[in-house]
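Notes follow once the structure below has been shown.
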Amino acid sequence: MLRALESLDAMHLEGQRALVRVDFNCPIAEGHVTDATRIRAALKTITYLRDHGARVVLVSHLGRPKGKVNQDFSLAPVRDTLEHLLGTPVTFIRDALGEQTVAASRRLPRGGIALLENIRFNAGEELNDAAFAATLALHGDFFVNDAFGAAHRAHASTEGVAHLLKPAVAGFLMMREVHFLGETLAKPKRPFVTILGGAKISGKIDLLDALLPKVDTILVGGAMACTFFRAMGLETGTSLVEEDRVDLARELLDRAGKKLILPKGGIVAAELLGGVTCQVASRDQIPAGFGVYDIDPQTVEIFGAHIGRAKTVLWNGPMGVFETPPFHLGTMGIAQAMAAATERGCVTIVGGGDSAAAVAAAGLEDRMTHVSTGGGASLEFLEGRPLPGLVALHQDQP
Ligand code: ADP
Ligand code: MG
């Protein structure tokens, strides 16, 4: 069991400097944060620390500056948004290294907040360099990791520093992610239904393998379904099919048996283009020269009925090219069915970056039990892989 920030005594917090790894890897355009979801998700931990008199030093990465200073990846816009959301000034520390900057974090008053510049401006971060981790550790008296989205990386600010600062505990967001993606799905209320979609079957094989023994039903959509169609000997036209995974798809179909349910048909078009003319085709009548870019309305209904009977639903991967209308309807239909399921007491969990974006686009984030902020980390976690950022944290005996 991870040790939670909430379990620490007041003496660990009052006047102490908390070095907090957050995931502020937000989309930024023209110097402004365009989606503050990840910043909002960290507020509970930050506020808790402030309320308990801690001094808060925040660390995050943004994009891939590859170990070099590059102002295109500066966290300065994030600082502005954070100040706005908290209603309090946030000291911006431009250089994570050096005695002077450590002095800046030492000068923080109780309840004060500082944000270090993009930690990936330093080559030592992604190398998990021991000396760099030691310098970073000078900024805190203890460590809080709330960056679930970066927990699958063994970097200095996620893993290295957790070995140097004690206690090393999980923040509220981290605990929430582990609760829903871990504990809840390990002992799911049944029926447990998973919806899998997205572009490629190759990226989801380990996930399928991990989920198959646990779930009652797997509903498959997205381009992934087309590789299964091919394995069934069906015409798939110009759809995205992974030729080198057709054998694997056949093997999975055998192994999954009745658990795995494929679409009855799809929305097909001559090309993938916004506003293009499209039509419904049953899966055994996909015209050559056409591609499948969404699931058909009958499948939305069938999948919806499964979701309607479920007590736990996990969704990863859009049902179609939801970014390009008219191919968004299948994904939106599933999002609606999940929202309705949440309302009647079903636990609904969404993992994966694009899936989370689809739920946000549908305006249904608040109507899911949990939408993971984790992206790639949520997939690795669901596959059952140990995440280095979690493993390095303090573990309490159960
Ligand atoms: P997540 O990030 O939620 O794990 P993925 O990255 O696996 O999801 O897949 C998302 C992508 O899959 C989206 O960009 C979407 O456009 C694409 N996709 C879904 N269905 C199809 C399809 N039928 N043809 C081509 N691309 C598809
Ligand atoms: Mg994705």
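Residue numbering restarts at 1 in every chain; chains get A, B, ... in the order shown in the structure tokens, and ligands count up from 1 in that same order.
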Test item: residues at most 12 Å from Ala147 in chain A, only C-alpha atoms, excluding those fewer than 3 positions along its chain, as a ChimeraX atom specification: /A:20-25,38-39,41-42,45,58-61,143-144,150-153,155,157-159,169-178,372-375,377-378,387-390
Using only C-alpha atoms and all ligand atoms, what does the table of chain A residues within 12 Å of ligand 2 look like, with each row giving the shortest atom pair and its distance in Å to one decimal, sorted by chain and ascending number, as a tab-separated table?
residue	atom	partner	partner_atom_place_in_ligand_line	distance
A:Gly197	CA	ligand 2	1 (Mg)	10.2
A:Gly198	CA	ligand 2	1 (Mg)	7.4
A:Ala199	CA	ligand 2	1 (Mg)	8.2
A:Lys200	CA	ligand 2	1 (Mg)	9.6
A:Gly203	CA	ligand 2	1 (Mg)	9.4
A:Lys204	CA	ligand 2	1 (Mg)	10.6
A:Asn316	CA	ligand 2	1 (Mg)	9.3
A:Gly317	CA	ligand 2	1 (Mg)	7.4
A:Pro318	CA	ligand 2	1 (Mg)	9.1
A:Val321	CA	ligand 2	1 (Mg)	11.7
A:Gly351	CA	ligand 2	1 (Mg)	9.8
A:Gly352	CA	ligand 2	1 (Mg)	6.1
A:Gly353	CA	ligand 2	1 (Mg)	5.1
A:Asp354	CA	ligand 2	1 (Mg)	4.7
A:Ser355	CA	ligand 2	1 (Mg)	7.4
A:Ala356	CA	ligand 2	1 (Mg)	9.3
A:Ala357	CA	ligand 2	1 (Mg)	9.4
A:Ala358	CA	ligand 2	1 (Mg)	10.8
A:Gly374	CA	ligand 2	1 (Mg)	10.9
A:Gly375	CA	ligand 2	1 (Mg)	7.1
A:Gly376	CA	ligand 2	1 (Mg)	7.6
A:Ala377	CA	ligand 2	1 (Mg)	11.2
A:Ser378	CA	ligand 2	1 (Mg)	11.0
A:Leu379	CA	ligand 2	1 (Mg)	9.8
Run DSSP on the backbone of this structure and report the residues of range 158-214 of chain A it assigns to strand (DSSP E or B), as a PDB file with N, CA, C and O atoms, in the first residue's frame.
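result-v4.pdb written:
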ATOM      1  N   ALA A 168       8.535   9.704   1.455  1.00  0.00           N
ATOM      2  CA  ALA A 168       8.168   9.913   0.055  1.00  0.00           C
ATOM      3  C   ALA A 168       6.760   9.359  -0.107  1.00  0.00           C
ATOM      4  O   ALA A 168       6.568   8.144  -0.053  1.00  0.00           O
ATOM      5  N   VAL A 169       5.794  10.249  -0.247  1.00  0.00           N
ATOM      6  CA  VAL A 169       4.386   9.826  -0.182  1.00  0.00           C
ATOM      7  C   VAL A 169       3.622  10.176  -1.450  1.00  0.00           C
ATOM      8  O   VAL A 169       4.095  10.948  -2.287  1.00  0.00           O
ATOM      9  N   ALA A 170       2.425   9.600  -1.576  1.00  0.00           N
ATOM     10  CA  ALA A 170       1.566   9.849  -2.741  1.00  0.00           C
ATOM     11  C   ALA A 170       0.564  10.952  -2.422  1.00  0.00           C
ATOM     12  O   ALA A 170      -0.070  10.933  -1.362  1.00  0.00           O
ATOM     13  N   PHE A 192     -18.406  -6.750 -15.353  1.00  0.00           N
ATOM     14  CA  PHE A 192     -17.309  -5.830 -15.635  1.00  0.00           C
ATOM     15  C   PHE A 192     -17.109  -5.807 -17.152  1.00  0.00           C
ATOM     16  O   PHE A 192     -16.748  -6.824 -17.746  1.00  0.00           O
ATOM     17  N   VAL A 193     -17.383  -4.658 -17.740  1.00  0.00           N
ATOM     18  CA  VAL A 193     -17.299  -4.501 -19.195  1.00  0.00           C
ATOM     19  C   VAL A 193     -16.159  -3.559 -19.552  1.00  0.00           C
ATOM     20  O   VAL A 193     -16.011  -2.503 -18.934  1.00  0.00           O
ATOM     21  N   THR A 194     -15.349  -3.958 -20.517  1.00  0.00           N
ATOM     22  CA  THR A 194     -14.296  -3.078 -21.024  1.00  0.00           C
ATOM     23  C   THR A 194     -14.602  -2.704 -22.463  1.00  0.00           C
ATOM     24  O   THR A 194     -15.043  -3.552 -23.242  1.00  0.00           O
ATOM     25  N   ILE A 195     -14.368  -1.461 -22.798  1.00  0.00           N
ATOM     26  CA  ILE A 195     -14.501  -1.012 -24.180  1.00  0.00           C
ATOM     27  C   ILE A 195     -13.110  -0.638 -24.658  1.00  0.00           C
ATOM     28  O   ILE A 195     -12.448   0.204 -24.044  1.00  0.00           O
ATOM     29  N   LEU A 196     -12.662  -1.279 -25.712  1.00  0.00           N
ATOM     30  CA  LEU A 196     -11.337  -0.986 -26.256  1.00  0.00           C
ATOM     31  C   LEU A 196     -11.470  -0.468 -27.673  1.00  0.00           C
ATOM     32  O   LEU A 196     -12.229  -1.003 -28.480  1.00  0.00           O
TER      33      LEU A 196
END
Which residue out of A:Glu235, A:Glu383, A:Glu301, A:Asp294 has the minimum interatomic distance to ligand 1 when only C-alpha atoms and all ligand atoms are used?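 Nearest candidate to ligand 1 out of A:Glu235, A:Glu383, A:Glu301, A:Asp294: A:Asp294.
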For a test of reading the model, state the distance in Å between CA of Leu382 in chain A and CA of Asp247 in chain A, rounded to one decimal.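 These two atoms are separated by 24.1 Å.
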Quick one: residues within 12 Å of Glu251 in chain A, only C-alpha atoms counted, chain neighbours fewer than 4 positions away excluded, as a VMD selection string? chain A and resid 205 209 227 to 228 231 to 232 245 to 247 255 to 257
May I have the residues from that selection written out with all heavy atoms, as a short mmCIF file (atom, residue, chain, number, x, y, z; two decimals), in the first residue's frame?
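Once written, selection_27.cif looks like this:
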data_model
loop_
_atom_site.label_atom_id
_atom_site.label_comp_id
_atom_site.auth_asym_id
_atom_site.auth_seq_id
_atom_site.Cartn_x
_atom_site.Cartn_y
_atom_site.Cartn_z
N ILE A 205 -2.12 -4.75 -27.10
CA ILE A 205 -2.08 -6.20 -26.90
C ILE A 205 -1.87 -6.57 -25.44
O ILE A 205 -2.57 -7.42 -24.89
CB ILE A 205 -0.96 -6.82 -27.74
CG1 ILE A 205 -1.35 -6.73 -29.22
CG2 ILE A 205 -0.73 -8.28 -27.37
CD1 ILE A 205 -0.19 -6.89 -30.14
N ASP A 209 -4.41 -8.63 -23.06
CA ASP A 209 -3.95 -9.82 -22.34
C ASP A 209 -4.24 -9.70 -20.84
O ASP A 209 -4.68 -10.65 -20.21
CB ASP A 209 -2.44 -10.02 -22.53
CG ASP A 209 -2.16 -10.92 -23.71
OD1 ASP A 209 -3.03 -11.74 -24.05
OD2 ASP A 209 -1.07 -10.79 -24.29
N THR A 227 -8.63 -4.86 -37.85
CA THR A 227 -7.64 -5.95 -37.87
C THR A 227 -8.33 -7.27 -37.50
O THR A 227 -8.01 -8.32 -38.07
CB THR A 227 -6.46 -5.62 -36.93
OG1 THR A 227 -5.89 -4.37 -37.34
CG2 THR A 227 -5.37 -6.69 -37.00
N PHE A 228 -9.28 -7.21 -36.59
CA PHE A 228 -10.06 -8.41 -36.27
C PHE A 228 -10.93 -8.83 -37.46
O PHE A 228 -11.06 -10.01 -37.76
CB PHE A 228 -10.93 -8.17 -35.03
CG PHE A 228 -10.17 -8.20 -33.74
CD1 PHE A 228 -9.93 -7.04 -33.02
CD2 PHE A 228 -9.69 -9.41 -33.23
CE1 PHE A 228 -9.22 -7.07 -31.83
CE2 PHE A 228 -8.99 -9.45 -32.03
CZ PHE A 228 -8.75 -8.28 -31.33
N ALA A 231 -8.92 -10.68 -39.75
CA ALA A 231 -8.65 -12.03 -39.22
C ALA A 231 -9.83 -12.95 -39.46
O ALA A 231 -9.67 -14.17 -39.55
CB ALA A 231 -8.33 -11.94 -37.73
N MET A 232 -11.02 -12.38 -39.58
CA MET A 232 -12.23 -13.18 -39.85
C MET A 232 -12.41 -13.40 -41.35
O MET A 232 -13.40 -14.00 -41.77
CB MET A 232 -13.46 -12.45 -39.30
CG MET A 232 -13.49 -12.37 -37.78
SD MET A 232 -14.58 -11.04 -37.19
CE MET A 232 -16.18 -11.72 -37.62
N ARG A 245 -0.37 -8.04 -37.64
CA ARG A 245 -1.01 -8.47 -36.40
C ARG A 245 -2.27 -9.29 -36.65
O ARG A 245 -3.01 -9.57 -35.72
CB ARG A 245 -1.39 -7.25 -35.53
CG ARG A 245 -0.24 -6.35 -35.18
CD ARG A 245 0.77 -7.10 -34.32
NE ARG A 245 2.09 -6.51 -34.51
CZ ARG A 245 2.80 -5.94 -33.58
NH1 ARG A 245 2.35 -5.91 -32.35
NH2 ARG A 245 3.97 -5.42 -33.86
N VAL A 246 -2.49 -9.64 -37.91
CA VAL A 246 -3.71 -10.37 -38.25
C VAL A 246 -3.72 -11.76 -37.59
O VAL A 246 -4.73 -12.20 -37.05
CB VAL A 246 -3.89 -10.46 -39.79
CG1 VAL A 246 -5.06 -11.37 -40.15
CG2 VAL A 246 -4.11 -9.06 -40.36
N ASP A 247 -2.56 -12.41 -37.60
CA ASP A 247 -2.48 -13.73 -36.95
C ASP A 247 -2.75 -13.63 -35.46
O ASP A 247 -3.46 -14.45 -34.88
CB ASP A 247 -1.09 -14.36 -37.16
CG ASP A 247 -0.92 -14.84 -38.60
OD1 ASP A 247 -1.96 -15.00 -39.29
OD2 ASP A 247 0.23 -15.04 -39.02
N ARG A 255 -9.00 -17.19 -28.30
CA ARG A 255 -8.80 -17.22 -26.86
C ARG A 255 -9.94 -16.52 -26.11
O ARG A 255 -10.38 -16.98 -25.07
CB ARG A 255 -7.45 -16.54 -26.52
CG ARG A 255 -6.99 -16.74 -25.12
CD ARG A 255 -5.48 -16.92 -25.05
NE ARG A 255 -4.75 -15.88 -25.74
CZ ARG A 255 -4.31 -14.76 -25.16
NH1 ARG A 255 -4.53 -14.55 -23.89
NH2 ARG A 255 -3.63 -13.88 -25.85
N ALA A 256 -10.41 -15.42 -26.66
CA ALA A 256 -11.43 -14.63 -25.95
C ALA A 256 -12.81 -15.27 -26.05
O ALA A 256 -13.65 -15.09 -25.18
CB ALA A 256 -11.45 -13.22 -26.50
N GLY A 257 -13.05 -16.00 -27.13
CA GLY A 257 -14.35 -16.63 -27.32
C GLY A 257 -15.47 -15.61 -27.27
O GLY A 257 -15.38 -14.54 -27.88
#
Please compute the CA of Gly291 in chain A-atom 16 (O, counted along the ligand's line) of ligand 1 distance, one decimal, in Å.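 Distance reported for this atom pair: 12.9 Å.
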Quick one: everything within 10 Å of range 127-130 of chain A, counting only C-alpha atoms, minus sequence neighbours fewer than 3 positions away in the same chain. Send it as an NGL selection string. :A and (67 or 122-124 or 133-136 or 153-161 or 164)
Using only C-alpha atoms, please write the residues we just selected to a file, as a PDB file, in the first residue's frame.
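Output contents, as saved in selection-v9.pdb:
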ATOM      1  CA  GLY A  67      17.739  18.240 -21.745  1.00  0.00           C
ATOM      2  CA  ASN A 122      18.300  19.590 -17.382  1.00  0.00           C
ATOM      3  CA  ALA A 123      19.902  16.582 -19.056  1.00  0.00           C
ATOM      4  CA  GLY A 124      20.126  14.828 -15.689  1.00  0.00           C
ATOM      5  CA  ALA A 133      18.564  14.013  -8.195  1.00  0.00           C
ATOM      6  CA  ALA A 134      20.644  14.961  -5.145  1.00  0.00           C
ATOM      7  CA  THR A 135      20.617  18.636  -6.158  1.00  0.00           C
ATOM      8  CA  LEU A 136      16.894  18.528  -6.757  1.00  0.00           C
ATOM      9  CA  ARG A 153       9.154   7.081 -16.231  1.00  0.00           C
ATOM     10  CA  ALA A 154      12.159   6.450 -13.989  1.00  0.00           C
ATOM     11  CA  HIS A 155      13.441  10.023 -14.059  1.00  0.00           C
ATOM     12  CA  ALA A 156      15.253  12.045 -11.400  1.00  0.00           C
ATOM     13  CA  SER A 157      12.125  13.946 -10.324  1.00  0.00           C
ATOM     14  CA  THR A 158       9.844  10.888 -10.294  1.00  0.00           C
ATOM     15  CA  GLU A 159      12.099   8.099  -9.095  1.00  0.00           C
ATOM     16  CA  GLY A 160      15.604   9.263  -8.121  1.00  0.00           C
ATOM     17  CA  VAL A 161      14.478  11.893  -5.665  1.00  0.00           C
ATOM     18  CA  LEU A 164      16.624  10.597  -1.251  1.00  0.00           C
TER      19      LEU A 164
END
Which neighbours of range 329-333 of chain A fall inside 6 Å, counting only C-alpha atoms, when residues of the same chain fewer than 2 positions from it are skipped, and could you give them as a short mmCIF file (atom, residue, chain, number, x, y, z; two decimals) with all heavy atoms, in the first residue's frame?
data_model
loop_
_atom_site.label_atom_id
_atom_site.label_comp_id
_atom_site.auth_asym_id
_atom_site.auth_seq_id
_atom_site.Cartn_x
_atom_site.Cartn_y
_atom_site.Cartn_z
N ILE A 295 -17.85 3.28 -35.64
CA ILE A 295 -18.79 2.17 -35.51
C ILE A 295 -20.17 2.65 -35.96
O ILE A 295 -20.46 3.85 -35.92
CB ILE A 295 -18.84 1.61 -34.06
CG1 ILE A 295 -19.15 2.71 -33.04
CG2 ILE A 295 -17.50 0.94 -33.70
CD1 ILE A 295 -19.33 2.20 -31.60
N PRO A 318 -10.90 5.55 -28.45
CA PRO A 318 -12.10 6.03 -29.16
C PRO A 318 -12.62 4.99 -30.15
O PRO A 318 -11.87 4.16 -30.66
CB PRO A 318 -11.60 7.26 -29.90
CG PRO A 318 -10.34 7.66 -29.21
CD PRO A 318 -9.75 6.42 -28.65
N MET A 319 -13.93 5.06 -30.42
CA MET A 319 -14.60 4.11 -31.32
C MET A 319 -14.39 4.46 -32.79
O MET A 319 -14.66 3.65 -33.68
CB MET A 319 -16.11 4.09 -31.03
CG MET A 319 -16.47 3.60 -29.65
SD MET A 319 -16.14 1.82 -29.43
CE MET A 319 -14.54 1.85 -28.66
N PHE A 327 -17.24 11.45 -38.06
CA PHE A 327 -16.84 10.15 -37.50
C PHE A 327 -16.73 10.17 -35.97
O PHE A 327 -16.02 9.37 -35.38
CB PHE A 327 -15.51 9.69 -38.14
CG PHE A 327 -15.58 9.66 -39.64
CD1 PHE A 327 -14.85 10.56 -40.40
CD2 PHE A 327 -16.42 8.76 -40.28
CE1 PHE A 327 -14.93 10.55 -41.79
CE2 PHE A 327 -16.51 8.75 -41.66
CZ PHE A 327 -15.77 9.65 -42.42
N ALA A 335 -19.77 7.54 -24.92
CA ALA A 335 -19.59 8.47 -23.79
C ALA A 335 -20.94 8.73 -23.11
O ALA A 335 -21.03 8.74 -21.88
CB ALA A 335 -18.95 9.78 -24.27
N GLN A 336 -21.99 8.90 -23.93
CA GLN A 336 -23.34 9.13 -23.37
C GLN A 336 -23.81 7.92 -22.58
O GLN A 336 -24.37 8.05 -21.50
CB GLN A 336 -24.35 9.39 -24.52
CG GLN A 336 -24.16 10.72 -25.24
CD GLN A 336 -24.60 11.92 -24.39
OE1 GLN A 336 -25.11 11.75 -23.29
NE2 GLN A 336 -24.35 13.12 -24.90
#
In range 58-152 of chain A, DSSP alpha helix (DSSP H) residues written as a ChimeraX atom specification: /A:76-86,99-106,123-127,130-137
For ligand 1, which residue among A:Gln279, A:Thr37, A:Ser239, A:Ser7 is the nearest when counting only C-alpha atoms and all ligand atoms? A:Ser239
Give the answer as one residue: which of A:Leu85, A:Ala137, A:Leu262, A:Asp72 has the shortest atom-to-atom distance to Gly98 in chain A, using only C-alpha atoms?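 Result for the nearest residue to Gly98 in chain A: A:Ala137.
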Between A:Ala223, A:Lys311, A:Val359, A:Ala18, which residue has the minimum interatomic distance to ligand 1, considering only C-alpha atoms and all ligand atoms? A:Ala223
Surrounding residues of Thr348 in chain A excluding itself and chain neighbours under 4 positions, 8 Å, only C-alpha atoms, as a PDB file with C-alpha atoms, in the first residue's frame:
ATOM      1  CA  THR A 312     -18.061  -1.575 -13.716  1.00  0.00           C
ATOM      2  CA  VAL A 313     -16.980  -0.136 -17.073  1.00  0.00           C
ATOM      3  CA  LEU A 314     -13.448   0.646 -18.205  1.00  0.00           C
ATOM      4  CA  TRP A 315     -13.038   2.506 -21.475  1.00  0.00           C
ATOM      5  CA  MET A 338     -21.251   5.667 -19.853  1.00  0.00           C
ATOM      6  CA  ALA A 339     -22.624   8.892 -18.381  1.00  0.00           C
ATOM      7  CA  ALA A 341     -24.453   4.217 -16.437  1.00  0.00           C
ATOM      8  CA  THR A 342     -22.680   6.416 -13.868  1.00  0.00           C
ATOM      9  CA  MET A 368     -17.786   9.698 -15.221  1.00  0.00           C
ATOM     10  CA  THR A 369     -16.659   8.161 -11.945  1.00  0.00           C
ATOM     11  CA  HIS A 370     -13.039   8.746 -12.910  1.00  0.00           C
TER      12      HIS A 370
END
Write out as a PDB file with all heavy atoms, in the first residue's frame each polymer residue whose atoms come within 7 Å of Gly265 in chain A, counting only C-alpha atoms; drop sequence neighbours fewer than 5 positions from it.
ATOM      1  N   ALA A 281     -22.232   0.687 -43.304  1.00  0.00           N
ATOM      2  CA  ALA A 281     -22.018  -0.595 -43.992  1.00  0.00           C
ATOM      3  C   ALA A 281     -21.945  -1.699 -42.952  1.00  0.00           C
ATOM      4  O   ALA A 281     -21.322  -1.516 -41.900  1.00  0.00           O
ATOM      5  CB  ALA A 281     -20.728  -0.555 -44.804  1.00  0.00           C
ATOM      6  N   SER A 282     -22.598  -2.823 -43.247  1.00  0.00           N
ATOM      7  CA  SER A 282     -22.441  -3.939 -42.323  1.00  0.00           C
ATOM      8  C   SER A 282     -21.038  -4.508 -42.528  1.00  0.00           C
ATOM      9  O   SER A 282     -20.418  -4.316 -43.575  1.00  0.00           O
ATOM     10  CB  SER A 282     -23.554  -4.960 -42.547  1.00  0.00           C
ATOM     11  OG  SER A 282     -23.055  -6.081 -43.199  1.00  0.00           O
ATOM     12  N   ARG A 283     -20.515  -5.201 -41.528  1.00  0.00           N
ATOM     13  CA  ARG A 283     -19.094  -5.552 -41.574  1.00  0.00           C
ATOM     14  C   ARG A 283     -18.756  -6.549 -42.685  1.00  0.00           C
ATOM     15  O   ARG A 283     -17.610  -6.637 -43.094  1.00  0.00           O
ATOM     16  CB  ARG A 283     -18.636  -6.081 -40.224  1.00  0.00           C
ATOM     17  CG  ARG A 283     -19.203  -7.445 -39.858  1.00  0.00           C
ATOM     18  CD  ARG A 283     -18.816  -7.796 -38.448  1.00  0.00           C
ATOM     19  NE  ARG A 283     -19.310  -9.099 -38.062  1.00  0.00           N
ATOM     20  CZ  ARG A 283     -19.400  -9.523 -36.815  1.00  0.00           C
ATOM     21  NH1 ARG A 283     -19.038  -8.731 -35.829  1.00  0.00           N
ATOM     22  NH2 ARG A 283     -19.845 -10.714 -36.549  1.00  0.00           N
ATOM     23  N   ILE A 295     -17.846   3.280 -35.635  1.00  0.00           N
ATOM     24  CA  ILE A 295     -18.791   2.166 -35.512  1.00  0.00           C
ATOM     25  C   ILE A 295     -20.175   2.649 -35.955  1.00  0.00           C
ATOM     26  O   ILE A 295     -20.461   3.851 -35.923  1.00  0.00           O
ATOM     27  CB  ILE A 295     -18.836   1.607 -34.061  1.00  0.00           C
ATOM     28  CG1 ILE A 295     -19.154   2.707 -33.037  1.00  0.00           C
ATOM     29  CG2 ILE A 295     -17.501   0.944 -33.702  1.00  0.00           C
ATOM     30  CD1 ILE A 295     -19.326   2.196 -31.604  1.00  0.00           C
ATOM     31  N   ASP A 296     -21.015   1.723 -36.386  1.00  0.00           N
ATOM     32  CA  ASP A 296     -22.339   2.103 -36.901  1.00  0.00           C
ATOM     33  C   ASP A 296     -23.350   2.247 -35.754  1.00  0.00           C
ATOM     34  O   ASP A 296     -23.093   1.783 -34.635  1.00  0.00           O
ATOM     35  CB  ASP A 296     -22.816   1.073 -37.941  1.00  0.00           C
ATOM     36  CG  ASP A 296     -23.035  -0.287 -37.306  1.00  0.00           C
ATOM     37  OD1 ASP A 296     -22.350  -0.592 -36.317  1.00  0.00           O
ATOM     38  OD2 ASP A 296     -23.890  -1.046 -37.801  1.00  0.00           O
ATOM     39  N   THR A 299     -24.301  -0.819 -33.679  1.00  0.00           N
ATOM     40  CA  THR A 299     -23.264  -1.225 -32.725  1.00  0.00           C
ATOM     41  C   THR A 299     -23.275  -0.324 -31.492  1.00  0.00           C
ATOM     42  O   THR A 299     -23.102  -0.807 -30.362  1.00  0.00           O
ATOM     43  CB  THR A 299     -21.880  -1.212 -33.406  1.00  0.00           C
ATOM     44  OG1 THR A 299     -21.915  -2.119 -34.509  1.00  0.00           O
ATOM     45  CG2 THR A 299     -20.771  -1.618 -32.446  1.00  0.00           C
TER      46      THR A 299
END
Can you measure CA of Lys189 in chain A to CA of Pro386 in chain A for me? One decimal in Å is fine. 23.9 Å
Which of these residues is nearest to ligand 1, using only C-alpha atoms and all ligand atoms: A:Leu62, A:Ala210, A:Ala269, A:Leu393? A:Ala269
